[in-house]
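Enquirer: Enclosed is the structure file model.cif (mmCIF, C-alpha atoms).
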```
data_entry
#
loop_
_atom_site.group_PDB
_atom_site.id
_atom_site.type_symbol
_atom_site.label_atom_id
_atom_site.label_comp_id
_atom_site.auth_asym_id
_atom_site.auth_seq_id
_atom_site.Cartn_x
_atom_site.Cartn_y
_atom_site.Cartn_z
ATOM 1 C CA ALA A 843 21.880 1.966 19.144
ATOM 2 C CA SER A 844 24.835 1.015 17.050
ATOM 3 C CA LYS A 845 28.175 2.305 18.267
ATOM 4 C CA ASN A 846 30.095 2.264 14.974
ATOM 5 C CA PRO A 847 31.016 5.756 13.733
ATOM 6 C CA LYS A 848 29.497 6.297 10.292
ATOM 7 C CA MET A 849 28.676 9.128 7.923
ATOM 8 C CA SER A 850 26.967 11.832 9.935
ATOM 9 C CA CYS A 851 23.597 13.454 9.352
ATOM 10 C CA GLU A 852 25.165 16.869 8.813
ATOM 11 C CA GLY A 853 25.880 19.332 6.031
ATOM 12 C CA HIS A 854 22.434 20.390 4.851
ATOM 13 C CA SER A 855 20.800 23.602 3.722
ATOM 14 C CA HIS A 856 18.294 25.240 6.041
ATOM 15 C CA ASP A 857 16.685 27.674 3.584
ATOM 16 C CA HIS A 858 12.981 27.184 3.087
ATOM 17 C CA ASP A 859 9.752 28.770 2.018
ATOM 18 C CA HIS A 860 6.090 28.180 2.766
ATOM 19 C CA SER A 861 2.894 28.893 0.952
ATOM 20 C CA GLU A 862 -0.755 28.026 1.119
ATOM 21 C CA PRO A 863 -1.470 25.022 -1.085
ATOM 22 C CA ASP A 864 -4.099 25.156 -3.778
ATOM 23 C CA ASN A 865 -6.549 22.343 -4.393
ATOM 24 C CA ALA A 866 -4.710 20.970 -7.399
ATOM 25 C CA THR A 867 -1.978 18.367 -7.502
ATOM 26 C CA SER A 868 -0.144 20.260 -10.246
ATOM 27 C CA THR A 869 2.038 23.315 -9.602
ATOM 28 C CA GLY A 870 5.220 24.875 -10.937
ATOM 29 C CA LEU A 871 7.090 22.042 -9.238
ATOM 30 C CA GLY A 872 5.287 19.471 -11.360
ATOM 31 C CA THR A 873 2.371 17.084 -11.077
ATOM 32 C CA SER A 874 1.760 14.521 -8.348
ATOM 33 C CA LEU A 875 3.632 11.319 -9.171
ATOM 34 C CA ARG A 876 1.400 9.146 -7.016
ATOM 35 C CA PRO A 877 -0.348 7.586 -10.070
ATOM 36 C CA SER A 878 3.069 6.375 -11.280
ATOM 37 C CA ILE A 879 4.031 4.589 -8.045
ATOM 38 C CA ASP A 880 4.259 0.795 -8.139
ATOM 39 C CA PHE A 881 2.483 0.308 -4.815
ATOM 40 C CA SER A 882 2.798 -3.466 -4.852
ATOM 41 C CA SER A 883 6.598 -3.124 -4.745
ATOM 42 C CA VAL A 884 6.915 -0.378 -2.103
ATOM 43 C CA ILE A 885 8.891 -1.560 0.920
ATOM 44 C CA CYS A 886 9.984 0.030 4.176
ATOM 45 C CA LEU A 887 12.658 -1.374 6.466
ATOM 46 C CA ASN A 888 12.137 -1.099 10.232
ATOM 47 C CA GLU A 889 8.455 -0.141 9.976
ATOM 48 C CA SER A 890 6.473 -1.040 13.088
ATOM 49 C CA ARG A 891 3.444 -2.212 11.100
ATOM 50 C CA PRO A 892 3.356 -4.091 7.771
ATOM 51 C CA ASN A 893 2.685 -1.812 4.765
ATOM 52 C CA ALA A 894 2.864 1.345 6.884
ATOM 53 C CA GLY A 895 5.367 2.829 4.410
ATOM 54 C CA ARG A 896 2.920 2.246 1.581
ATOM 55 C CA ASP A 897 0.075 3.781 3.575
ATOM 56 C CA VAL A 898 1.735 7.211 3.972
ATOM 57 C CA LEU A 899 1.955 7.645 0.176
ATOM 58 C CA LYS A 900 -1.467 9.263 0.462
ATOM 59 C CA LEU A 901 -3.580 11.265 -1.915
ATOM 60 C CA TYR A 902 -2.624 14.927 -2.055
ATOM 61 C CA GLU A 903 -5.849 16.029 -0.382
ATOM 62 C CA ASP A 904 -5.090 13.718 2.558
ATOM 63 C CA ARG A 905 -1.536 14.999 3.119
ATOM 64 C CA LEU A 906 -2.362 16.708 6.433
ATOM 65 C CA THR A 907 -4.243 13.782 7.974
ATOM 66 C CA PRO A 908 -2.394 12.205 10.930
ATOM 67 C CA ASN A 909 -3.481 8.625 10.201
ATOM 68 C CA PRO A 910 -2.444 6.197 8.954
ATOM 69 C CA SER A 911 1.159 6.929 9.842
ATOM 70 C CA LEU A 912 4.541 5.247 9.540
ATOM 71 C CA SER A 913 6.645 4.651 12.665
ATOM 72 C CA SER A 914 9.983 2.968 13.216
ATOM 73 C CA GLN A 915 10.014 -0.049 15.490
ATOM 74 C CA GLU A 916 10.167 0.721 19.193
ATOM 75 C CA ASP A 917 13.526 -0.733 20.199
ATOM 76 C CA PRO A 918 15.698 1.144 22.731
ATOM 77 C CA ASP A 919 18.753 -0.772 21.512
ATOM 78 C CA GLU A 920 18.466 0.479 17.931
ATOM 79 C CA ASP A 921 18.450 3.842 16.185
ATOM 80 C CA PRO A 922 14.943 4.943 15.095
ATOM 81 C CA GLU A 923 15.798 4.654 11.389
ATOM 82 C CA LEU A 924 13.456 4.118 8.443
ATOM 83 C CA LEU A 925 14.325 3.188 4.860
ATOM 84 C CA LEU A 926 11.411 3.759 2.484
ATOM 85 C CA VAL A 927 11.922 2.443 -1.063
ATOM 86 C CA VAL A 928 9.428 3.654 -3.690
ATOM 87 C CA PRO A 929 9.561 2.189 -7.219
ATOM 88 C CA PHE A 930 7.674 3.701 -10.147
ATOM 89 C CA GLU A 931 5.855 1.975 -12.987
ATOM 90 C CA GLU A 932 7.565 4.303 -15.467
ATOM 91 C CA SER A 933 10.719 6.375 -15.396
ATOM 92 C CA VAL A 934 9.922 9.764 -13.867
ATOM 93 C CA VAL A 935 11.512 13.144 -13.306
ATOM 94 C CA ILE A 936 11.189 14.086 -9.644
ATOM 95 C CA LYS A 937 11.221 17.814 -8.947
ATOM 96 C CA SER A 938 10.168 17.962 -5.315
ATOM 97 C CA LEU A 939 9.472 15.955 -2.190
ATOM 98 C CA CYS A 940 6.964 16.591 0.594
ATOM 99 C CA ILE A 941 7.190 14.983 4.038
ATOM 100 C CA VAL A 942 4.709 15.640 6.845
ATOM 101 C CA SER A 943 4.820 14.422 10.442
ATOM 102 C CA HIS A 944 2.348 15.062 13.235
ATOM 103 C CA ALA A 945 4.793 13.795 15.856
ATOM 104 C CA GLY A 946 6.093 16.372 18.300
ATOM 105 C CA ARG A 947 3.401 18.956 17.611
ATOM 106 C CA GLY A 948 3.232 19.581 21.362
ATOM 107 C CA ALA A 949 6.898 20.586 21.523
ATOM 108 C CA GLY A 950 7.284 23.989 23.033
ATOM 109 C CA ASN A 951 3.759 23.920 24.443
ATOM 110 C CA GLY A 952 4.536 22.237 27.737
ATOM 111 C CA ASN A 953 3.879 18.772 26.308
ATOM 112 C CA ASP A 954 6.874 16.561 26.978
ATOM 113 C CA ASP A 955 4.993 13.297 26.676
ATOM 114 C CA ASP A 956 5.436 12.671 22.955
ATOM 115 C CA VAL A 957 6.087 8.987 22.334
ATOM 116 C CA THR A 958 7.255 9.521 18.741
ATOM 117 C CA ALA A 959 9.325 12.200 17.027
ATOM 118 C CA ALA A 960 9.348 13.848 13.614
ATOM 119 C CA PRO A 961 12.219 13.005 11.255
ATOM 120 C CA ARG A 962 15.090 15.494 11.161
ATOM 121 C CA THR A 963 17.202 14.304 8.215
ATOM 122 C CA VAL A 964 16.446 12.365 5.048
ATOM 123 C CA ARG A 965 19.078 11.069 2.644
ATOM 124 C CA ILE A 966 17.818 10.423 -0.869
ATOM 125 C CA TYR A 967 19.068 7.689 -3.218
ATOM 126 C CA VAL A 968 18.067 7.149 -6.848
ATOM 127 C CA ASN A 969 18.049 3.881 -8.830
ATOM 128 C CA ARG A 970 20.017 1.979 -6.173
ATOM 129 C CA PRO A 971 18.535 -1.526 -5.893
ATOM 130 C CA ASN A 972 18.892 -3.793 -2.857
ATOM 131 C CA LEU A 973 19.642 -1.078 -0.323
ATOM 132 C CA ASP A 974 19.737 -1.903 3.377
ATOM 133 C CA PHE A 975 20.761 0.037 6.467
ATOM 134 C CA GLU A 976 24.395 -1.083 6.356
ATOM 135 C CA THR A 977 24.659 0.124 2.767
ATOM 136 C CA VAL A 978 22.981 3.521 3.109
ATOM 137 C CA ARG A 979 24.967 4.471 6.197
ATOM 138 C CA ASP A 980 28.142 4.533 4.090
ATOM 139 C CA LEU A 981 26.744 5.365 0.638
ATOM 140 C CA LYS A 982 26.829 8.962 -0.576
ATOM 141 C CA PRO A 983 23.254 10.107 -1.327
ATOM 142 C CA GLU A 984 22.040 12.095 -4.322
ATOM 143 C CA ALA A 985 20.800 14.711 -1.840
ATOM 144 C CA THR A 986 20.400 15.260 1.899
ATOM 145 C CA LEU A 987 17.565 17.340 3.336
ATOM 146 C CA THR A 988 17.099 18.782 6.800
ATOM 147 C CA LEU A 989 13.356 18.814 7.427
ATOM 148 C CA MET A 990 11.522 21.535 9.264
ATOM 149 C CA PRO A 991 10.985 20.901 13.001
ATOM 150 C CA PRO A 992 7.369 20.358 14.066
ATOM 151 C CA SER A 993 7.310 23.620 16.013
ATOM 152 C CA HIS A 994 7.960 25.469 12.755
ATOM 153 C CA GLN A 995 5.920 23.380 10.347
ATOM 154 C CA TRP A 996 2.823 23.439 12.547
ATOM 155 C CA SER A 997 3.045 27.044 13.724
ATOM 156 C CA ASN A 998 -0.146 29.069 13.428
ATOM 157 C CA GLU A 999 1.203 30.870 10.387
ATOM 158 C CA PHE A 1000 1.805 27.727 8.346
ATOM 159 C CA ALA A 1001 -0.426 25.020 9.878
ATOM 160 C CA SER A 1002 -2.826 24.955 6.927
ATOM 161 C CA GLY A 1003 -0.059 24.532 4.373
ATOM 162 C CA SER A 1004 2.744 22.111 3.660
ATOM 163 C CA ILE A 1005 6.316 22.333 2.473
ATOM 164 C CA ASP A 1006 7.864 21.207 -0.792
ATOM 165 C CA TYR A 1007 11.561 20.416 -0.777
ATOM 166 C CA PRO A 1008 12.852 20.923 -4.347
ATOM 167 C CA LEU A 1009 15.353 18.223 -5.272
ATOM 168 C CA ARG A 1010 18.684 19.566 -6.527
ATOM 169 C CA PRO A 1011 20.841 19.259 -8.458
ATOM 170 C CA ALA A 1012 17.996 18.482 -10.840
ATOM 171 C CA GLY A 1013 20.158 16.306 -13.079
ATOM 172 C CA ARG A 1014 20.337 13.631 -10.388
ATOM 173 C CA PHE A 1015 16.568 13.151 -10.415
ATOM 174 C CA GLN A 1016 15.963 12.455 -14.116
ATOM 175 C CA ASN A 1017 14.850 9.020 -15.371
ATOM 176 C CA VAL A 1018 14.101 7.784 -11.854
ATOM 177 C CA SER A 1019 12.772 4.239 -11.671
ATOM 178 C CA GLU A 1020 13.164 3.923 -7.903
ATOM 179 C CA ILE A 1021 13.792 6.370 -5.075
ATOM 180 C CA ALA A 1022 14.868 5.476 -1.549
ATOM 181 C CA LEU A 1023 14.406 7.758 1.454
ATOM 182 C CA TYR A 1024 16.639 7.060 4.439
ATOM 183 C CA PHE A 1025 15.374 8.787 7.601
ATOM 184 C CA CYS A 1026 18.470 8.526 9.776
ATOM 185 C CA ASP A 1027 17.460 10.544 12.843
ATOM 186 C CA ASN A 1028 14.622 12.477 14.441
ATOM 187 C CA TYR A 1029 14.023 15.644 16.450
ATOM 188 C CA ASN A 1030 14.178 13.799 19.755
ATOM 189 C CA MET A 1031 17.865 13.049 19.092
ATOM 190 C CA PRO A 1032 20.788 15.491 19.317
ATOM 191 C CA ASP A 1033 21.755 16.851 15.909
ATOM 192 C CA GLY A 1034 24.371 14.649 14.259
ATOM 193 C CA TYR A 1035 23.674 11.507 16.297
ATOM 194 C CA GLY A 1036 21.846 9.598 13.569
ATOM 195 C CA ALA A 1037 23.067 7.052 11.024
ATOM 196 C CA SER A 1038 24.802 4.997 13.724
ATOM 197 C CA ASN A 1039 27.302 7.650 14.674
ATOM 198 C CA ASP A 1040 29.026 7.363 18.012
ATOM 199 C CA MET A 1041 26.136 7.270 20.479
ATOM 200 C CA GLU A 1042 28.219 6.760 23.633
ATOM 201 C CA ASP A 1043 27.086 10.103 25.070
ATOM 202 C CA TYR A 1044 23.449 9.605 24.173
ATOM 203 C CA ASP A 1045 21.108 7.923 26.631
ATOM 204 C CA GLU A 1046 19.432 5.068 24.759
ATOM 205 C CA GLY A 1047 16.531 5.303 27.170
ATOM 206 C CA ASP A 1048 15.634 8.606 25.508
ATOM 207 C CA VAL A 1049 15.269 7.074 22.028
ATOM 208 C CA VAL A 1050 11.718 7.283 20.648
ATOM 209 C CA PRO A 1051 10.447 6.046 17.275
ATOM 210 C CA THR A 1052 10.429 8.246 14.191
ATOM 211 C CA GLU A 1053 6.909 8.909 12.876
ATOM 212 C CA ILE A 1054 5.814 10.173 9.441
ATOM 213 C CA SER A 1055 2.252 10.771 8.275
ATOM 214 C CA TYR A 1056 2.742 11.706 4.586
ATOM 215 C CA VAL A 1057 5.275 11.325 1.779
ATOM 216 C CA GLY A 1058 4.611 12.703 -1.701
ATOM 217 C CA PHE A 1059 6.501 13.449 -4.888
ATOM 218 C CA LYS A 1060 5.982 15.934 -7.716
ATOM 219 C CA GLY A 1061 7.483 15.944 -11.166
ATOM 220 C CA LYS A 1062 6.570 14.435 -14.508
ATOM 221 C CA GLY A 1063 6.462 11.061 -16.208
ATOM 222 C CA THR A 1064 8.579 10.067 -19.193
ATOM 223 C CA ASN A 1065 6.250 7.385 -20.619
ATOM 224 C CA THR A 1066 9.183 4.983 -20.443
ATOM 225 C CA LYS A 1067 8.418 1.750 -18.627
ATOM 226 C CA ARG A 1068 11.056 0.961 -16.042
ATOM 227 C CA LYS A 1069 13.186 -2.154 -16.289
ATOM 228 C CA ALA A 1070 12.408 -4.853 -13.765
ATOM 229 C CA VAL A 1071 14.824 -4.773 -10.838
ATOM 230 C CA LYS A 1072 15.390 -7.897 -8.799
ATOM 231 C CA ALA A 1073 15.240 -7.078 -5.117
ATOM 232 C CA VAL A 1074 14.553 -9.289 -2.130
ATOM 233 C CA TYR A 1075 12.971 -7.763 0.964
ATOM 234 C CA GLU A 1076 11.214 -9.284 3.926
ATOM 235 C CA THR A 1077 7.731 -8.176 4.812
ATOM 236 C CA MET A 1078 8.441 -6.513 8.157
ATOM 237 C CA GLY A 1079 11.915 -5.251 7.309
ATOM 238 C CA MET A 1080 13.438 -6.039 10.697
ATOM 239 C CA LYS A 1081 16.661 -4.077 11.143
ATOM 240 C CA LYS A 1082 18.592 -6.986 12.616
ATOM 241 C CA ASP A 1083 17.730 -9.067 9.547
ATOM 242 C CA HIS A 1084 19.209 -6.570 7.083
ATOM 243 C CA GLN A 1085 22.913 -6.428 7.830
ATOM 244 C CA VAL A 1086 24.225 -7.314 4.367
ATOM 245 C CA PRO A 1087 26.838 -4.686 3.305
ATOM 246 C CA GLY A 1088 26.227 -3.666 0.160
ATOM 247 C CA ALA A 1089 20.415 20.310 -2.612
ATOM 248 C CA GLU A 1090 18.812 20.253 0.348
ATOM 249 C CA TYR A 1091 16.450 23.046 -0.481
ATOM 250 C CA PHE A 1092 13.005 24.043 0.551
ATOM 251 C CA GLY A 1093 10.257 25.306 -1.706
ATOM 252 C CA LYS A 1094 6.577 25.861 -1.839
ATOM 253 C CA GLU A 1095 3.263 24.058 -1.576
ATOM 254 C CA GLY A 1096 2.478 20.515 -0.558
ATOM 255 C CA ILE A 1097 2.589 17.562 -2.881
#
```
Translate this structure into structure tokens?
Expert:
Amino acid sequence: ASKNPKMSCEGHSHDHDHSEPDNATSTGLGTSLRPSIDFSSVICLNESRPNAGRDVLKLYEDRLTPNPSLSSQEDPDEDPELLLVVPFEESVVIKSLCIVSHAGRGAGNGNDDDVTAAPRTVRIYVNRPNLDFETVRDLKPEATLTLMPPSHQWSNEFASGSIDYPLRPAGRFQNVSEIALYFCDNYNMPDGYGASNDMEDYDEGDVVPTEISYVGFKGKGTNTKRKAVKAVYETMGMKKDHQVPGAEYFGKEGI
């Protein structure tokens, strides 16, 4: 893992709420924005399999399915980061975000053999073209969310539901043509050790990949076609090949 001290993965809200989802993709937090996604332009840096980032932008009714999933590359010398960039075919208003991971569901149940871990923190960037890991580590995000740990999300009380994370302040998520999600750490890592902070006290042998099974957005379209943004990404998004420098609230129902 990188040893350069950078912006930490700290300073997030931990309030949240759960509810049983209905069968519709439209709620008080808006309508599913999946039909507005430009799937051909979705990219994910450090994904272990080509197009894995695209694959987790599933239909709403498939949000709780474990496969296909997105995992960071298994490299003990690197942080298990993921940078998922999702462009839209029209400008949209994003009201909420849903992220589901099946990794670590055995935590607390005597299962210590998990080979992947659920993401802990996600930094969110809006309309920022040509992002890479070096850039997002130092760039202030529009919002930072601390995601629910697997032991909470998949408890018996809430296992049949999912969690919306309302995006605030709302003014930062208007007229969105592209959103980037930077998953800087996971629940296998000590809190605050992500985003290439000082990892001297952290055993790199304990690093496991971050795994995500669903990402969804809710909001509304604006019927305004987005302007073309020139961006150059490589298919696999290898971390070592992307070294060019360049709130936080929980709500209801799955996306």
Enquirer: Find the spatial neighbours of A:Asn969, counting all atoms listed in the file, within a cut-off of 9 Å - ignore same-chain residues fewer than 3 positions away - and output them as a list in words.
Expert: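 The contact residues come out as Pro929, Asn1017, Val1018, Ser1019, Glu1020, Ile1021 and Ala1022 of chain A.
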Enquirer: What would the list of residues within 10 Å of (14.6, 1.4, -4.2) (file frame) look like as a list in words, if all atoms listed in the file are what count?
Expert: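 Residues satisfying the cut-off, written out: Ser883, Val884, Ile885, Cys886, Leu925, Leu926, Val927, Val928, Pro929, Phe930, Tyr967, Val968, Asn969, Arg970, Pro971, Asn972, Leu973, Asp974, Val1018, Ser1019, Glu1020, Ile1021, Ala1022, Leu1023, Val1071 and Ala1073 of chain A.
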Enquirer: For a cut-off of 8 Å around (9.5, 20.7, -9.6), file coordinates, pick out all residues using only C-alpha atoms and list them as a ChimeraX atom specification.
Expert: /A:869-872,936-938,1008-1009,1060-1061
Enquirer: Mind pulling up the distance from atom CA of A:Ser1055 to atom CA of A:Phe881?
Expert: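 So the answer is 16.8 Å.
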Enquirer: Go ahead and compute the interatomic distance for atom CA of A:Pro910 and atom CA of A:Thr873, in Å to one decimal.
Expert: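 Atom CA of A:Pro910 sits 23.3 Å away from atom CA of A:Thr873.
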